[in-house]
file input_32.pdb (PDB, C-alpha atoms)
MODEL        1
ATOM      1  CA  MET L   1      -1.198  -2.881  -1.220  1.00  0.00           C
ATOM      2  CA  LYS L   2      -1.294   0.856  -1.927  1.00  0.00           C
ATOM      3  CA  VAL L   3      -0.559   1.734   1.710  1.00  0.00           C
ATOM      4  CA  ASP L   4       2.277  -0.806   1.865  1.00  0.00           C
ATOM      5  CA  MET L   5       3.871   0.528  -1.347  1.00  0.00           C
ATOM      6  CA  GLU L   6       3.565   4.138  -0.156  1.00  0.00           C
ATOM      7  CA  SER L   7       5.179   3.227   3.186  1.00  0.00           C
ATOM      8  CA  GLN L   8       8.204   2.059   1.150  1.00  0.00           C
ATOM      9  CA  GLY L   9       8.495   5.444  -0.567  1.00  0.00           C
ATOM     10  CA  TYR L  10       6.602   4.807  -3.809  1.00  0.00           C
ATOM     11  CA  GLN L  11       4.006   7.276  -5.035  1.00  0.00           C
ATOM     12  CA  VAL L  12       1.049   5.140  -6.099  1.00  0.00           C
ATOM     13  CA  TYR L  13      -1.460   6.716  -8.467  1.00  0.00           C
ATOM     14  CA  ASP L  14      -3.820   3.749  -8.631  1.00  0.00           C
ATOM     15  CA  CYS L  15      -4.101   0.155  -7.469  1.00  0.00           C
ATOM     16  CA  THR L  16      -6.869  -1.952  -9.014  1.00  0.00           C
ATOM     17  CA  VAL L  17      -7.631  -5.643  -9.561  1.00  0.00           C
ATOM     18  CA  PHE L  18      -9.080  -6.750 -12.880  1.00  0.00           C
ATOM     19  CA  HIS L  19     -10.432 -10.115 -14.037  1.00  0.00           C
ATOM     20  CA  PHE L  20      -9.298 -10.750 -17.618  1.00  0.00           C
ATOM     21  CA  ILE L  21     -11.131 -13.296 -19.760  1.00  0.00           C
ATOM     22  CA  VAL L  22     -10.011 -12.091 -23.192  1.00  0.00           C
ATOM     23  CA  PRO L  23      -6.756 -10.526 -24.409  1.00  0.00           C
ATOM     24  CA  ALA L  24      -6.404  -6.866 -23.431  1.00  0.00           C
ATOM     25  CA  ARG L  25      -4.035  -4.025 -24.212  1.00  0.00           C
ATOM     26  CA  ILE L  26      -2.445  -2.731 -20.987  1.00  0.00           C
ATOM     27  CA  GLU L  27      -1.729   0.983 -21.346  1.00  0.00           C
ATOM     28  CA  ASN L  28       1.221   2.438 -19.465  1.00  0.00           C
ATOM     29  CA  PRO L  29       0.488   6.176 -19.005  1.00  0.00           C
ATOM     30  CA  THR L  30       3.200   6.884 -16.401  1.00  0.00           C
ATOM     31  CA  LYS L  31       5.734   4.487 -17.971  1.00  0.00           C
ATOM     32  CA  ARG L  32       5.830   2.549 -14.683  1.00  0.00           C
ATOM     33  CA  LEU L  33       3.388  -0.278 -13.918  1.00  0.00           C
ATOM     34  CA  LEU L  34       3.540  -3.309 -11.685  1.00  0.00           C
ATOM     35  CA  LEU L  35       1.412  -6.296 -12.685  1.00  0.00           C
ATOM     36  CA  VAL L  36       0.805  -8.770  -9.852  1.00  0.00           C
ATOM     37  CA  PRO L  37      -1.078 -11.984 -10.716  1.00  0.00           C
ATOM     38  CA  ILE L  38      -3.503 -13.088  -8.012  1.00  0.00           C
ATOM     39  CA  GLN L  39      -5.145 -16.082  -9.654  1.00  0.00           C
ATOM     40  CA  GLY L  40      -4.705 -17.806 -13.011  1.00  0.00           C
ATOM     41  CA  THR L  41      -1.904 -17.542 -15.514  1.00  0.00           C
ATOM     42  CA  SER L  42      -1.468 -15.270 -18.488  1.00  0.00           C
ATOM     43  CA  SER L  43       1.137 -14.193 -20.991  1.00  0.00           C
ATOM     44  CA  LEU L  44       2.350 -10.675 -21.604  1.00  0.00           C
ATOM     45  CA  THR L  45       3.848  -9.624 -24.926  1.00  0.00           C
ATOM     46  CA  PRO L  46       6.459 -10.091 -26.111  1.00  0.00           C
ATOM     47  CA  ALA L  47       7.034 -13.437 -24.324  1.00  0.00           C
ATOM     48  CA  GLU L  48       6.678 -13.250 -20.540  1.00  0.00           C
ATOM     49  CA  THR L  49       4.496 -15.542 -18.431  1.00  0.00           C
ATOM     50  CA  LEU L  50       2.671 -14.173 -15.390  1.00  0.00           C
ATOM     51  CA  SER L  51       1.668 -16.601 -12.659  1.00  0.00           C
ATOM     52  CA  PRO L  52       0.744 -16.228  -8.982  1.00  0.00           C
ATOM     53  CA  ALA L  53       3.747 -15.502  -6.710  1.00  0.00           C
ATOM     54  CA  SER L  54       5.417 -13.476  -9.480  1.00  0.00           C
ATOM     55  CA  TYR L  55       5.133  -9.909 -10.751  1.00  0.00           C
ATOM     56  CA  TRP L  56       6.159  -7.909 -13.764  1.00  0.00           C
ATOM     57  CA  ASP L  57       7.608  -4.402 -13.585  1.00  0.00           C
ATOM     58  CA  ILE L  58       6.861  -2.578 -16.849  1.00  0.00           C
ATOM     59  CA  LYS L  59       9.102   0.419 -17.433  1.00  0.00           C
ATOM     60  CA  ASN L  60       9.067   2.761 -20.415  1.00  0.00           C
ATOM     61  CA  ASP L  61       6.772   0.604 -22.582  1.00  0.00           C
ATOM     62  CA  ALA L  62       3.846   2.414 -24.132  1.00  0.00           C
ATOM     63  CA  SER L  63       1.591  -0.639 -23.874  1.00  0.00           C
ATOM     64  CA  ARG L  64       1.609  -4.424 -23.793  1.00  0.00           C
ATOM     65  CA  VAL L  65      -0.971  -7.102 -24.605  1.00  0.00           C
ATOM     66  CA  LEU L  66      -2.003  -9.431 -21.785  1.00  0.00           C
ATOM     67  CA  THR L  67      -3.507 -12.772 -22.820  1.00  0.00           C
ATOM     68  CA  PRO L  68      -5.176 -14.697 -19.967  1.00  0.00           C
ATOM     69  CA  ASP L  69      -5.583 -18.456 -19.714  1.00  0.00           C
ATOM     70  CA  GLN L  70      -8.603 -19.184 -21.906  1.00  0.00           C
ATOM     71  CA  THR L  71     -10.252 -21.670 -19.521  1.00  0.00           C
ATOM     72  CA  SER L  72     -10.511 -19.629 -16.324  1.00  0.00           C
ATOM     73  CA  GLY L  73      -9.158 -16.166 -17.081  1.00  0.00           C
ATOM     74  CA  ALA L  74      -6.783 -14.349 -14.748  1.00  0.00           C
ATOM     75  CA  ASP L  75      -7.067 -11.908 -11.840  1.00  0.00           C
ATOM     76  CA  ILE L  76      -4.304  -9.296 -12.098  1.00  0.00           C
ATOM     77  CA  MET L  77      -3.543  -6.382  -9.762  1.00  0.00           C
ATOM     78  CA  ILE L  78      -2.317  -3.364 -11.706  1.00  0.00           C
ATOM     79  CA  ILE L  79      -0.371  -0.788  -9.697  1.00  0.00           C
ATOM     80  CA  THR L  80       0.362   2.528 -11.423  1.00  0.00           C
ATOM     81  CA  LEU L  81       3.426   4.272  -9.984  1.00  0.00           C
ATOM     82  CA  GLN L  82       4.913   7.705 -10.458  1.00  0.00           C
ATOM     83  CA  LYS L  83       7.492   7.692 -13.246  1.00  0.00           C
ATOM     84  CA  GLY L  84      11.065   7.312 -12.086  1.00  0.00           C
ATOM     85  CA  LYS L  85      10.354   5.448  -8.820  1.00  0.00           C
TER
ENDMDL
END
call {"tool": "encode", "arguments": {"input": "input_32.pdb", "output": "structure tokens"}}
result
Amino acid sequence: MKVDMESQGYQVYDCTVFHFIVPARIENPTKRLLLVPIQGTSSLTPAETLSPASYWDIKNDASRVLTPDQTSGADIMIITLQKGK
């Protein structure tokens, strides 16, 4: 994913997959994150739903809380981009 994003002109700082089983605060240090669900569903404050085949582009938010499905959790790819891209 990192190579594909960089080939499209984005500067990717980090690309990691996490398995969430409990609610977690997602920090946004560069003010530009992409959250890509791989498996499972979750909600993201204030009221967005993340499910496979979707993504969420977080711009300018300091942090959000991600709450995974309580039965199976959720696998989420977090891509940290350079601000302004």
call {"tool": "residues_around", "arguments": {"input": "input_32.pdb", "residues": "region 61-67 of chain L", "least_positions_apart": "2", "cutoff": "9 Å", "atoms": "all atoms listed in the file", "output": "number ranges by chain"}}
result
L: 20-32, 41-46, 58-59, 69-70, 73-74
call {"tool": "resolve_selection", "arguments": {"input": "input_32.pdb", "expression": "the PyMOL selection byres ((chain L and resi 10) around 12)", "output": "VMD selection string"}}
result
chain L and resid 1 to 9 11 to 14 32 to 34 79 to 85
call {"tool": "atom_distance", "arguments": {"input": "input_32.pdb", "atom1": "CA of Glu48 (chain L)", "atom2": "CA of Cys15 (chain L)"}}
result
21.6 Å
call {"tool": "atom_distance", "arguments": {"input": "input_32.pdb", "atom1": "CA of Pro68 (chain L)", "atom2": "CA of Phe18 (chain L)"}}
result
11.3 Å
call {"tool": "atom_distance", "arguments": {"input": "input_32.pdb", "atom1": "CA of Ser54 (chain L)", "atom2": "CA of Thr71 (chain L)"}}
result
20.3 Å
call {"tool": "residues_near_point", "arguments": {"input": "input_32.pdb", "point": "(-1.9, -12.8, -9.0)", "cutoff": "8 Å", "atoms": "all atoms listed in the file", "output": "list in words"}}
result
Val36, Pro37, Ile38, Gln39, Gly40, Leu50, Ser51, Pro52, Ala53, Ser54, Tyr55, Ala74, Asp75, Ile76 and Met77 of chain L
call {"tool": "build_atoms", "arguments": {"input": "input_32.pdb", "residues": "region 38-62 of chain L", "atoms": "N, CA, C and O atoms", "output": "CSV table (one decimal), in the coordinates of the input"}}
result
chain,number,residue,atom,x,y,z
L,38,ILE,N,-2.9,-12.6,-9.2
L,38,ILE,CA,-3.5,-13.1,-8.0
L,38,ILE,C,-4.0,-14.5,-8.2
L,38,ILE,O,-3.8,-15.4,-7.4
L,39,GLN,N,-4.6,-14.7,-9.4
L,39,GLN,CA,-5.1,-16.1,-9.7
L,39,GLN,C,-5.1,-16.3,-11.2
L,39,GLN,O,-5.4,-15.4,-11.9
L,40,GLY,N,-4.8,-17.5,-11.6
L,40,GLY,CA,-4.7,-17.8,-13.0
L,40,GLY,C,-3.4,-17.4,-13.6
L,40,GLY,O,-2.6,-16.7,-13.0
L,41,THR,N,-3.1,-17.9,-14.8
L,41,THR,CA,-1.9,-17.5,-15.5
L,41,THR,C,-2.3,-16.8,-16.8
L,41,THR,O,-3.4,-16.9,-17.3
L,42,SER,N,-1.3,-16.0,-17.3
L,42,SER,CA,-1.5,-15.3,-18.5
L,42,SER,C,-0.1,-15.0,-19.1
L,42,SER,O,0.9,-15.2,-18.5
L,43,SER,N,-0.1,-14.6,-20.3
L,43,SER,CA,1.1,-14.2,-21.0
L,43,SER,C,1.1,-12.7,-21.3
L,43,SER,O,0.0,-12.1,-21.4
L,44,LEU,N,2.2,-12.1,-21.4
L,44,LEU,CA,2.4,-10.7,-21.6
L,44,LEU,C,3.3,-10.5,-22.7
L,44,LEU,O,4.5,-11.0,-22.7
L,45,THR,N,2.9,-9.8,-23.8
L,45,THR,CA,3.8,-9.6,-24.9
L,45,THR,C,5.1,-8.9,-24.5
L,45,THR,O,5.0,-8.1,-23.6
L,46,PRO,N,6.3,-9.2,-25.0
L,46,PRO,CA,6.5,-10.1,-26.1
L,46,PRO,C,6.5,-11.6,-25.7
L,46,PRO,O,5.9,-12.4,-26.5
L,47,ALA,N,7.0,-12.0,-24.6
L,47,ALA,CA,7.0,-13.4,-24.3
L,47,ALA,C,7.2,-13.8,-22.8
L,47,ALA,O,7.9,-14.7,-22.5
L,48,GLU,N,6.6,-13.0,-22.0
L,48,GLU,CA,6.7,-13.2,-20.5
L,48,GLU,C,5.4,-14.0,-20.1
L,48,GLU,O,4.4,-13.8,-20.6
L,49,THR,N,5.6,-14.8,-19.0
L,49,THR,CA,4.5,-15.5,-18.4
L,49,THR,C,4.3,-15.0,-17.0
L,49,THR,O,5.2,-14.8,-16.3
L,50,LEU,N,3.0,-14.6,-16.7
L,50,LEU,CA,2.7,-14.2,-15.4
L,50,LEU,C,1.9,-15.3,-14.7
L,50,LEU,O,1.0,-15.8,-15.2
L,51,SER,N,2.4,-15.6,-13.5
L,51,SER,CA,1.7,-16.6,-12.7
L,51,SER,C,1.7,-16.1,-11.2
L,51,SER,O,2.5,-15.3,-10.8
L,52,PRO,N,0.7,-16.6,-10.4
L,52,PRO,CA,0.7,-16.2,-9.0
L,52,PRO,C,2.1,-16.4,-8.3
L,52,PRO,O,2.9,-17.3,-8.7
L,53,ALA,N,2.4,-15.5,-7.4
L,53,ALA,CA,3.7,-15.5,-6.7
L,53,ALA,C,4.8,-14.9,-7.6
L,53,ALA,O,6.0,-15.0,-7.3
L,54,SER,N,4.5,-14.2,-8.7
L,54,SER,CA,5.4,-13.5,-9.5
L,54,SER,C,4.9,-12.1,-9.7
L,54,SER,O,3.7,-11.8,-9.3
L,55,TYR,N,5.6,-11.2,-10.4
L,55,TYR,CA,5.1,-9.9,-10.8
L,55,TYR,C,5.9,-9.5,-12.0
L,55,TYR,O,7.0,-10.0,-12.3
L,56,TRP,N,5.4,-8.5,-12.6
L,56,TRP,CA,6.2,-7.9,-13.8
L,56,TRP,C,6.2,-6.4,-13.6
L,56,TRP,O,5.2,-5.7,-13.5
L,57,ASP,N,7.4,-5.8,-13.7
L,57,ASP,CA,7.6,-4.4,-13.6
L,57,ASP,C,7.8,-3.9,-15.0
L,57,ASP,O,8.8,-4.2,-15.7
L,58,ILE,N,6.8,-3.1,-15.5
L,58,ILE,CA,6.9,-2.6,-16.8
L,58,ILE,C,7.4,-1.1,-16.8
L,58,ILE,O,6.7,-0.3,-16.2
L,59,LYS,N,8.5,-0.9,-17.4
L,59,LYS,CA,9.1,0.4,-17.4
L,59,LYS,C,9.2,0.9,-18.9
L,59,LYS,O,9.7,0.1,-19.7
L,60,ASN,N,8.8,2.1,-19.1
L,60,ASN,CA,9.1,2.8,-20.4
L,60,ASN,C,8.3,2.2,-21.6
L,60,ASN,O,8.4,2.7,-22.7
L,61,ASP,N,7.5,1.1,-21.5
L,61,ASP,CA,6.8,0.6,-22.6
L,61,ASP,C,5.5,1.4,-22.7
L,61,ASP,O,4.8,1.7,-21.7
L,62,ALA,N,5.1,1.7,-23.9
L,62,ALA,CA,3.8,2.4,-24.1
L,62,ALA,C,2.7,1.5,-23.8
L,62,ALA,O,1.7,1.9,-23.1
